[in-house]
$ cat query_31.txt   # compact mmCIF, C-alpha atoms
# COMPACT_ATOMS: atom_id res chain seq x y z
CA MET W 1 24.98 -11.05 50.54
CA LYS W 2 26.15 -10.52 46.99
CA SER W 3 27.47 -7.14 45.92
CA GLY W 4 25.69 -5.27 43.17
CA LEU W 5 28.42 -6.19 40.69
CA GLU W 6 28.22 -9.93 41.42
CA ARG W 7 24.46 -9.91 41.14
CA ILE W 8 24.50 -7.90 37.97
CA ASP W 9 26.93 -10.22 36.21
CA MET W 10 25.27 -13.51 37.06
CA GLY W 11 23.44 -15.50 34.46
CA ASN W 12 25.58 -14.50 31.49
CA ARG W 13 25.72 -17.80 29.67
CA PHE W 14 27.86 -17.38 26.64
CA GLY W 15 30.51 -15.01 27.81
CA SER W 16 31.60 -11.52 26.86
CA ALA W 17 33.22 -12.60 23.56
CA GLY W 18 29.86 -14.01 22.43
CA VAL W 19 28.00 -10.88 23.45
CA GLN W 20 30.57 -8.79 21.56
CA GLN W 21 29.78 -10.75 18.41
CA VAL W 22 26.06 -10.07 18.90
CA TYR W 23 26.75 -6.34 19.24
CA SER W 24 28.79 -6.47 16.07
CA ASP W 25 26.02 -8.23 14.15
CA VAL W 26 23.39 -5.85 15.49
CA GLU W 27 25.49 -2.94 14.27
CA ALA W 28 25.80 -4.49 10.82
CA TYR W 29 22.05 -5.16 10.66
CA TYR W 30 20.96 -1.62 11.54
CA GLY W 31 23.68 -0.09 9.39
CA ALA W 32 22.15 -1.95 6.45
CA GLN W 33 18.62 -0.91 7.43
CA VAL W 34 19.41 2.79 7.53
CA ALA W 35 21.32 2.52 4.26
CA LYS W 36 18.24 0.96 2.67
CA HIS W 37 15.46 3.09 4.19
CA GLY W 38 17.26 6.25 5.30
CA ALA W 39 16.49 8.20 8.47
CA THR W 40 12.87 7.02 8.63
CA PRO W 41 10.90 4.77 11.01
CA ARG W 42 11.47 1.91 8.54
CA GLY W 43 15.19 2.51 8.86
CA VAL W 44 14.88 1.41 12.49
CA ASP W 45 12.32 -1.33 11.77
CA TRP W 46 9.15 0.48 12.79
CA SER W 47 6.22 0.65 10.42
CA CYS W 48 5.56 4.37 10.78
CA GLN W 49 6.10 7.53 12.76
CA ALA W 50 2.82 7.18 14.64
CA THR W 51 3.57 3.76 16.15
CA GLN W 52 7.14 4.83 16.88
CA SER W 53 5.77 7.86 18.76
CA LEU W 54 3.26 5.75 20.68
CA ARG W 55 6.18 3.69 21.97
CA PHE W 56 7.96 6.86 23.04
CA VAL W 57 4.85 7.92 24.97
CA GLN W 58 5.01 4.69 26.98
CA LEU W 59 8.79 4.70 27.52
CA LEU W 60 8.85 8.32 28.68
CA ARG W 61 6.35 7.54 31.45
CA ILE W 62 9.43 6.71 33.52
CA CYS W 63 10.51 10.38 33.42
CA ASP W 64 9.38 13.21 35.66
CA PHE W 65 9.06 16.18 33.34
CA ALA W 66 8.36 18.58 36.20
CA ALA W 67 12.10 19.28 36.56
CA PRO W 68 15.09 19.22 34.17
CA PHE W 69 16.76 15.82 33.80
CA ALA W 70 19.38 13.91 31.84
CA LEU W 71 18.22 11.14 29.52
CA ASN W 72 20.14 8.36 27.77
CA ASP W 73 18.50 6.94 24.64
CA VAL W 74 20.02 3.51 24.05
CA GLY W 75 19.79 2.34 20.45
CA CYS W 76 18.77 5.86 19.48
CA GLY W 77 18.97 5.24 15.74
CA TYR W 78 18.74 8.48 13.79
CA GLY W 79 17.48 10.36 16.88
CA ALA W 80 13.72 10.15 16.36
CA LEU W 81 13.18 10.62 20.09
CA CYS W 82 14.76 14.11 19.90
CA ALA W 83 12.11 15.26 17.46
CA PHE W 84 9.41 13.70 19.59
CA LEU W 85 10.66 15.43 22.75
CA ASP W 86 10.66 18.80 20.98
CA LEU W 87 7.13 18.25 19.75
CA ARG W 88 5.60 16.73 22.87
CA TYR W 89 7.53 18.52 25.60
CA PRO W 90 8.67 21.80 24.03
CA ASP W 91 9.08 23.54 27.40
CA SER W 92 10.95 20.77 29.20
CA ARG W 93 14.68 20.83 29.72
CA VAL W 94 16.08 17.45 28.77
CA ASP W 95 19.81 16.87 28.52
CA TYR W 96 19.68 14.14 25.87
CA LEU W 97 22.38 11.67 24.90
CA GLY W 98 21.64 9.20 22.13
CA VAL W 99 23.78 6.07 21.93
CA ASP W 100 23.86 3.63 19.04
CA LEU W 101 26.14 0.88 17.78
CA SER W 102 25.67 2.00 14.20
CA ARG W 103 28.05 4.69 12.99
CA ALA W 104 25.71 5.31 10.05
CA MET W 105 22.76 5.98 12.38
CA ILE W 106 24.74 8.34 14.61
CA SER W 107 26.05 10.19 11.61
CA ARG W 108 22.48 10.85 10.45
CA ALA W 109 21.37 11.79 13.97
CA ARG W 110 24.18 14.36 14.30
CA ARG W 111 23.25 15.90 10.99
CA ARG W 112 19.61 16.22 12.09
CA PHE W 113 20.11 17.65 15.56
CA ARG W 114 22.84 20.20 16.23
CA ARG W 115 22.19 21.50 19.73
CA ALA W 116 24.16 21.57 22.95
CA ASP W 117 21.53 19.53 24.78
CA ARG W 118 21.21 16.94 21.99
CA ARG W 119 24.33 14.82 21.80
CA PHE W 120 25.13 11.45 20.28
CA SER W 121 27.68 8.77 20.92
CA ILE W 122 28.70 5.59 19.12
CA GLY W 123 28.80 2.61 21.43
CA LYS W 124 26.87 -0.18 23.07
CA ALA W 125 26.24 1.62 26.35
CA SER W 126 26.00 5.19 27.48
CA PRO W 127 29.34 6.67 28.55
CA ARG W 128 27.62 8.74 31.22
CA LEU W 129 25.32 8.38 34.18
CA ALA W 130 21.92 9.99 33.56
CA ASP W 131 18.70 10.30 35.52
CA TYR W 132 16.85 8.03 33.10
CA SER W 133 17.52 5.73 30.17
CA VAL W 134 15.13 4.43 27.52
CA ALA W 135 15.53 1.80 24.80
CA SER W 136 12.95 1.30 22.09
CA GLY W 137 12.92 -1.83 19.97
CA VAL W 138 16.47 -2.80 20.86
CA MET W 139 15.44 -6.30 21.91
CA ASN W 140 13.20 -7.21 18.97
CA VAL W 141 15.37 -8.41 16.10
CA ASN W 142 17.62 -11.26 17.19
CA VAL W 143 19.77 -11.03 14.04
CA GLY W 144 19.76 -14.82 13.76
CA TYR W 145 20.94 -15.75 17.26
CA SER W 146 19.41 -18.47 19.38
CA ARG W 147 16.94 -17.48 22.07
CA ALA W 148 19.47 -18.21 24.82
CA ALA W 149 22.21 -16.17 23.19
CA TRP W 150 19.84 -13.30 22.50
CA GLU W 151 18.63 -13.28 26.10
CA ASP W 152 22.24 -12.95 27.21
CA PHE W 153 22.49 -9.91 24.98
CA ILE W 154 19.29 -8.48 26.50
CA ALA W 155 20.60 -9.06 30.01
CA ALA W 156 23.79 -7.23 29.09
CA VAL W 157 21.81 -4.27 27.70
CA LEU W 158 19.65 -4.14 30.83
CA GLN W 159 22.73 -4.25 33.06
CA ASP W 160 24.28 -1.37 31.16
CA MET W 161 21.09 0.65 31.35
CA ARG W 162 20.84 -0.02 35.06
CA ARG W 163 24.39 1.07 35.77
CA THR W 164 24.01 4.28 33.76
CA SER W 165 20.64 5.31 35.22
CA ARG W 166 20.21 7.07 38.55
CA ARG W 167 16.46 7.04 38.85
CA GLY W 168 15.07 4.58 36.37
CA PHE W 169 14.91 3.21 32.85
CA SER W 170 12.39 1.74 30.46
CA VAL W 171 12.43 -0.83 27.67
CA ASN W 172 9.89 -2.42 25.38
CA PHE W 173 9.48 -5.98 24.11
CA MET W 174 7.33 -7.66 21.50
CA SER W 175 4.71 -9.75 23.23
CA ASP W 176 4.43 -13.49 22.65
CA ALA W 177 0.75 -13.42 23.59
CA ASN W 178 -0.80 -12.10 20.39
CA GLY W 179 0.99 -13.67 17.45
CA ALA W 180 2.35 -11.63 14.57
CA SER W 181 3.07 -7.95 14.97
CA GLU W 182 3.49 -5.04 12.60
CA ALA W 183 6.91 -4.36 14.07
CA SER W 184 9.99 -5.31 12.13
CA GLY W 185 8.37 -5.25 8.72
CA ASN W 186 8.59 -8.47 6.80
CA LEU W 187 11.18 -10.23 8.91
CA PRO W 188 10.58 -13.96 9.40
CA GLU W 189 9.34 -15.00 12.84
CA THR W 190 12.63 -16.77 13.53
CA ARG W 191 14.39 -13.39 13.45
CA LEU W 192 12.10 -11.84 16.05
CA TYR W 193 12.34 -12.09 19.81
CA ARG W 194 9.00 -12.27 21.58
CA THR W 195 8.56 -12.69 25.29
CA ASN W 196 6.30 -11.89 28.24
CA PRO W 197 6.73 -9.61 31.26
CA GLU W 198 7.15 -12.57 33.64
CA ARG W 199 10.35 -13.59 31.85
CA TRP W 200 12.12 -10.33 32.76
CA ILE W 201 10.42 -8.94 35.87
CA PRO W 202 12.20 -11.28 38.34
CA TYR W 203 15.56 -10.54 36.70
CA CYS W 204 15.00 -6.78 36.91
CA GLU W 205 13.81 -6.97 40.50
CA ASP W 206 16.36 -9.43 41.88
CA ALA W 207 19.48 -8.92 39.79
CA LEU W 208 19.11 -5.24 38.93
CA GLY W 209 17.46 -4.00 42.13
CA CYS W 210 14.52 -2.31 40.44
CA SER W 211 10.83 -2.07 41.07
CA VAL W 212 8.96 -2.88 37.91
CA GLU W 213 5.79 -1.49 36.40
CA THR W 214 4.41 -3.19 33.32
CA LEU W 215 2.52 -1.26 30.66
CA GLU W 216 0.33 -3.30 28.35
CA ASN W 217 -2.93 -2.73 26.51
CA TYR W 218 -1.84 0.37 24.65
CA GLY W 219 -3.05 -1.09 21.40
CA MET W 220 0.18 -2.73 20.34
CA LYS W 221 1.31 -6.32 20.50
CA GLU W 222 4.04 -5.54 22.94
CA PHE W 223 4.67 -4.37 26.49
CA THR W 224 6.84 -1.78 28.16
CA LEU W 225 8.69 -2.22 31.43
CA LEU W 226 9.22 0.86 33.60
CA LEU W 227 12.10 0.08 35.95
CA ARG W 228 12.65 2.31 38.96
CA CYS W 229 16.01 1.95 40.65
CA ARG W 230 15.66 0.92 44.30
CA GLN W 231 19.31 1.20 45.23
CA ASN W 232 22.12 3.14 43.70
CA LEU W 233 24.09 0.32 42.08
CA ALA W 234 25.45 2.80 39.62
CA GLU W 235 27.80 4.22 42.23
CA ASP W 236 29.33 0.77 42.84
CA LEU W 237 29.83 -0.15 39.23
CA PRO W 238 32.41 0.99 36.71
CA LEU W 239 31.04 2.25 33.41
CA ARG W 240 31.67 -0.05 30.46
CA HIS W 241 32.48 1.62 27.13
CA MET C 1 -6.36 6.96 -8.50
CA GLY C 2 -7.06 6.42 -12.17
CA ALA C 3 -5.38 9.33 -13.93
CA MET C 4 -3.42 10.44 -10.88
CA ILE C 5 -1.65 7.30 -9.70
CA LYS C 6 -0.91 3.96 -11.30
CA ASP C 7 -3.51 1.22 -10.97
CA SER C 8 -0.86 -0.99 -9.35
CA THR C 9 -0.22 1.73 -6.75
CA THR C 10 -3.94 1.94 -6.05
CA LEU C 11 -4.00 -1.78 -5.33
CA GLU C 12 -0.94 -1.54 -3.10
CA ILE C 13 -2.44 1.32 -1.09
CA LEU C 14 -5.74 -0.50 -0.70
CA VAL C 15 -3.91 -3.52 0.71
CA GLN C 16 -1.96 -1.33 3.15
CA LEU C 17 -5.05 0.56 4.29
CA ASN C 18 -7.21 -2.48 4.74
CA LYS C 19 -4.49 -4.24 6.70
CA ARG C 20 -3.93 -1.33 9.07
CA PHE C 21 -7.62 -0.98 9.85
CA ASP C 22 -8.66 -4.63 9.95
CA THR C 23 -9.91 -6.37 13.09
CA GLU C 24 -6.44 -7.36 14.24
CA SER C 25 -4.86 -3.93 13.86
CA LEU C 26 -7.86 -1.88 14.98
CA PRO C 27 -6.82 -1.56 18.68
CA GLU C 28 -3.53 0.00 17.58
CA MET C 29 -5.31 2.50 15.36
CA ILE C 30 -7.80 3.40 18.08
CA GLU C 31 -4.93 4.07 20.46
CA LEU C 32 -3.05 6.15 17.87
CA GLN C 33 -6.16 8.22 17.21
CA LYS C 34 -6.72 8.70 20.95
CA GLU C 35 -3.13 9.74 21.58
CA PHE C 36 -2.31 11.83 18.50
CA SER C 37 -5.67 12.68 16.84
CA VAL C 38 -4.30 11.36 13.57
CA PHE C 39 -7.57 12.09 11.79
CA SER C 40 -8.78 15.57 12.66
CA ASN C 41 -9.73 18.87 11.08
CA LYS C 42 -6.29 20.19 11.95
CA ARG C 43 -4.48 17.65 9.82
CA SER C 44 -4.86 16.90 6.12
CA LEU C 45 -5.33 13.39 4.82
CA ARG C 46 -1.87 13.62 3.30
CA GLN C 47 -0.41 14.35 6.76
CA ALA C 48 -2.46 11.62 8.43
CA PHE C 49 -1.42 8.93 5.98
CA ALA C 50 2.21 10.09 6.06
CA LEU C 51 2.13 9.74 9.84
CA LEU C 52 0.75 6.21 9.48
CA GLY C 53 3.27 5.34 6.79
CA ILE C 54 0.51 4.55 4.31
CA VAL C 55 2.42 5.51 1.20
CA PRO C 56 3.44 3.75 -2.02
CA THR C 57 6.72 1.86 -1.76
CA ASP C 58 7.66 3.33 -5.12
CA TRP C 59 9.13 6.74 -4.24
CA SER C 60 8.20 8.21 -7.60
CA GLU C 61 4.55 7.50 -6.84
CA ARG C 62 4.52 9.16 -3.44
CA ARG C 63 4.16 12.69 -4.71
CA ARG C 64 1.31 11.63 -6.96
CA TRP C 65 -0.37 9.81 -4.06
CA TYR C 66 -0.23 12.95 -1.92
CA LYS C 67 -1.49 15.00 -4.83
CA PHE C 68 -4.39 12.60 -5.20
CA LEU C 69 -5.26 12.92 -1.51
CA ASP C 70 -5.35 16.71 -1.86
CA HIS C 71 -7.40 16.33 -5.04
CA LEU C 72 -10.12 14.58 -3.01
CA LYS C 73 -11.08 18.08 -1.87
CA THR C 74 -12.63 18.57 -5.30
CA TYR C 75 -14.78 15.42 -5.00
CA PRO C 76 -18.34 15.54 -3.67
CA SER C 77 -19.44 13.19 -0.91
CA ASP C 78 -22.57 11.58 0.41
CA LEU C 79 -22.88 14.39 2.97
CA PRO C 80 -24.08 17.81 1.87
CA LYS C 81 -21.40 20.54 1.87
CA VAL C 82 -18.67 18.06 2.82
CA ASN C 83 -16.01 17.37 0.19
CA GLY C 84 -14.49 13.93 -0.42
CA HIS C 85 -11.28 14.70 1.48
CA ASP C 86 -13.06 15.86 4.62
CA ARG C 87 -15.54 13.00 4.36
CA VAL C 88 -12.74 10.44 4.52
CA ILE C 89 -11.25 12.18 7.56
CA LYS C 90 -14.64 12.30 9.26
CA ALA C 91 -15.24 8.61 8.56
CA PHE C 92 -11.94 7.56 10.13
CA ARG C 93 -12.24 9.99 13.03
CA ASP C 94 -15.79 9.01 13.92
CA GLY C 95 -15.14 5.31 13.27
CA LEU C 96 -12.12 5.12 15.56
CA ALA C 97 -13.81 7.16 18.30
CA ALA C 98 -17.04 5.14 18.23
CA ALA C 99 -18.26 3.49 21.42
CA ALA C 100 -17.91 0.13 19.69
CA PRO C 101 -15.43 0.63 16.84
CA ILE C 102 -15.63 -1.69 13.85
CA PRO C 103 -12.94 -2.40 11.23
CA ILE C 104 -12.66 0.10 8.42
CA SER C 105 -12.35 -0.90 4.77
CA ILE C 106 -11.47 1.25 1.82
CA LYS C 107 -12.68 0.34 -1.62
CA CYS C 108 -13.16 1.96 -4.99
CA HIS C 109 -16.26 2.32 -7.11
CA SER C 110 -16.78 3.55 -10.63
CA ALA C 111 -16.76 7.34 -10.78
CA ALA C 112 -19.06 7.09 -13.80
CA GLU C 113 -21.71 5.42 -11.63
CA ASP C 114 -21.34 7.66 -8.56
CA PRO C 115 -18.86 10.57 -8.39
CA ARG C 116 -19.21 10.91 -4.59
CA VAL C 117 -17.05 9.58 -1.77
CA THR C 118 -19.44 7.38 0.18
CA VAL C 119 -19.40 5.83 3.64
CA ALA C 120 -21.61 2.94 4.69
CA LYS C 121 -21.64 -0.10 6.94
CA GLY C 122 -21.46 -3.54 5.39
CA ARG C 123 -19.30 -6.50 4.49
CA PRO C 124 -16.55 -5.44 2.09
CA VAL C 125 -15.87 -8.93 0.75
CA VAL C 126 -18.05 -12.00 0.68
CA PHE C 127 -15.96 -14.00 3.18
CA THR C 128 -15.91 -11.25 5.80
CA ILE C 129 -17.87 -12.15 8.91
CA GLU C 130 -17.84 -8.81 10.69
CA THR C 131 -19.52 -5.61 9.68
CA HIS C 132 -17.06 -2.96 8.49
CA LEU C 133 -17.25 0.73 7.95
CA ILE C 134 -16.74 0.95 4.19
CA VAL C 135 -15.26 4.11 2.72
CA SER C 136 -15.61 4.05 -1.04
CA ILE C 137 -13.66 6.31 -3.38
CA PRO C 138 -14.90 7.10 -6.90
CA THR C 139 -12.29 5.96 -9.39
CA THR C 140 -11.75 5.86 -13.10
CA PRO C 141 -9.34 3.08 -14.07
CA GLY C 142 -6.10 4.29 -15.68
CA ARG C 143 -6.80 2.55 -18.98
CA GLU C 144 -10.16 4.32 -19.29
CA VAL C 145 -8.58 7.68 -18.54
CA ARG C 146 -5.94 7.05 -21.21
CA LYS C 147 -8.62 5.94 -23.66
CA GLN C 148 -10.63 9.09 -23.00
CA ALA C 149 -7.53 11.27 -23.38
CA ALA C 150 -6.65 9.56 -26.67
CA GLU C 151 -10.17 10.15 -27.93
CA VAL C 152 -10.01 13.85 -27.05
CA ALA C 153 -6.60 14.17 -28.78
CA LYS C 154 -7.97 12.40 -31.86
CA GLN C 155 -10.90 14.78 -32.05
CA ARG C 156 -8.57 17.76 -31.61
CA ARG C 157 -6.35 16.57 -34.47
CA ALA C 158 -9.38 16.02 -36.66
CA ALA C 159 -10.64 19.51 -35.88
CA LYS C 160 -7.24 21.01 -36.76
CA LYS C 161 -7.21 19.29 -40.16
CA LYS C 162 -10.53 20.88 -41.03

$ encode --input "query_31.txt" --output "structure tokens"
Amino acid sequence: MKSGLERIDMGNRFGSAGVQQVYSDVEAYYGAQVAKHGATPRGVDWSCQATQSLRFVQLLRICDFAAPFALNDVGCGYGALCAFLDLRYPDSRVDYLGVDLSRAMISRARRRFRRADRRFSIGKASPRLADYSVASGVMNVNVGYSRAAWEDFIAAVLQDMRRTSRRGFSVNFMSDANGASEASGNLPETRLYRTNPERWIPYCEDALGCSVETLENYGMKEFTLLLRCRQNLAEDLPLRH
Amino acid sequence: MGAMIKDSTTLEILVQLNKRFDTESLPEMIELQKEFSVFSNKRSLRQAFALLGIVPTDWSERRRWYKFLDHLKTYPSDLPKVNGHDRVIKAFRDGLAAAAPIPISIKCHSAAEDPRVTVAKGRPVVFTIETHLIVSIPTTPGREVRKQAAEVAKQRRAAKKK
């Protein structure tokens, strides 16, 4: 039987150097977006605050708000989820860590939220193990990479989320079932990654050891995967920074 | 619209609105209304449209757009004792919560012909197949407003000379 680490690293087709280049290009892309649109939903490629919040509603279904918990927000941008948490769950105790590749985004997030339980870190993966992780819209804009290369990047992000989450994590994808979407503004179709749940469910179940719940039909041309960790791979795996 | 925002901004906003509430985007709007009560008595039209990102791309026009939305409170509507602002909110709220929601279109009509905000069902453009809920805003085109203002100024100058 394969160890968690062997299973988690399989299927990476273009190597770590290639993935590094993708991370670098993603950082450049979102740095430019926030410079152009500021700390607004458009700065992170969403059309408006309402649709951004509706995505948060779906992603946070992975969390049990009955007790305090630690949450990693991967690709946190300017920290929009912090504001949403305060508004939607004012009485909940959430130890939040936002992680983003873009220095410009993190800089804006730190200026907006100065609290002990709202922290931010520059990087591609969370430097800590948390109860849950969420990632909104991280997989959508392929910054010009081929489908295969972009899927390697997605697999790497999912692996990192798995190894830094104790209980579960959630991600969203643009659906390939309904054609054009409002997400990602006026970007050409070739720059967008669309997929279906069946593409990623087997990977999350077999390689990441998760049980998967798919959320669809919430009015948007996308779907959200809620991934509950079946075994504690995190304890076997070193954290990547 | 008219005196308050540029005619080009009016057109831009109409395009944005009609795209967000067309047949294709309607499920998203229904869900947003269900989840966040975007259109309600507790939220102004300015807040609702800000939440939906329905704003002019030209930053300098945004303030005027919001001012116009507030100004709708001074407009009459096709319902007694309901002002234009509240009528628009009611139309969106009721439309999105309907048992069988239909797309919503916004259009403008001449304020000289009818100064009220009106709501009706129909086909907003000739090639539309489906019935829409049509919210119509009374508008005076910018050039007419400027013409009227120039006429008033001319009369004032003439009166001063006498």

$ closest_atom_pairs --input "query_31.txt" --of "chain W" --to "chain C" --cutoff "6 Å" --atoms "only C-alpha atoms" --output "tab-separated table"
residue	atom	partner	partner_atom	distance
W:Cys48	CA	C:Gly53	CA	4.7
W:Gln49	CA	C:Leu51	CA	5.4
W:Ala50	CA	C:Leu51	CA	5.5
W:Gly219	CA	C:Glu28	CA	4.0
W:Met220	CA	C:Glu28	CA	5.4

$ residues_near_point --input "query_31.txt" --point "(18.5, 19.4, 9.3)" --cutoff "12 Å" --atoms "all atoms listed in the file" --output "list in words"
Ala39, Tyr78, Gly79, Ala83, Arg108, Ala109, Arg110, Arg111, Arg112, Phe113, Arg114 and Arg115 of chain W

$ closest_residue --input "query_31.txt" --among "W:Leu60, W:Trp46, W:Ala155, W:Arg230" --to "W:Arg88" --atoms "only C-alpha atoms"
W:Leu60

$ residues_near_point --input "query_31.txt" --point "(18.2, 2.1, 29.9)" --cutoff "9 Å" --atoms "all atoms listed in the file" --output "ChimeraX atom specification"
/W:72-74,125-126,132-135,157-165,168-171,227

$ closest_residue --input "query_31.txt" --among "C:Ala97, C:Leu45, C:Val55, C:Val119" --to "C:Leu79" --atoms "all atoms listed in the file"
C:Val119

$ atom_distance --input "query_31.txt" --atom1 "atom CA of C:Phe68" --atom2 "atom CA of C:Ile5"
7.5 Å

$ atom_distance --input "query_31.txt" --atom1 "atom CA of W:Leu59" --atom2 "atom CA of W:Ala207"
21.2 Å

$ closest_residue --input "query_31.txt" --among "C:Ile89, C:Leu11, C:Ile137, C:Ile129" --to "C:His109" --atoms "only C-alpha atoms"
C:Ile137

$ closest_residue --input "query_31.txt" --among "W:Glu198, W:Glu27, W:Asp206, W:Asp152" --to "W:Phe173" --atoms "only C-alpha atoms"
W:Glu198

$ atom_distance --input "query_31.txt" --atom1 "atom CA of C:Ile13" --atom2 "atom CA of W:Ala35"
24.4 Å

$ residues_around --input "query_31.txt" --residues "stretch 134-136 of chain C" --least-positions-apart "3" --cutoff "7 Å" --atoms "all atoms listed in the file" --output "PyMOL selection string"
chain C and resi 104-109+117-122+124

$ closest_residue --input "query_31.txt" --among "C:Ser77, C:Ser110, C:Asn41, C:Asn18" --to "C:Asp94" --atoms "all atoms listed in the file"
C:Asn41

$ closest_residue --input "query_31.txt" --among "C:Arg146, C:Pro115, C:His85, C:Val15" --to "C:Ser40" --atoms "all atoms listed in the file"
C:His85

$ residues_around --input "query_31.txt" --residues "W:Tyr30" --least-positions-apart "6" --cutoff "12 Å" --atoms "only C-alpha atoms" --output "list in words"
Tyr23, Ser24, Lys36, His37, Gly38, Ala39, Pro41, Arg42, Gly43, Val44, Asp45, Gly75, Cys76, Gly77, Tyr78, Asp100, Leu101, Ser102, Arg103, Ala104, Met105, Ile106, Gly137, Val138, Val141, Asn142, Val143 and Ser184 of chain W
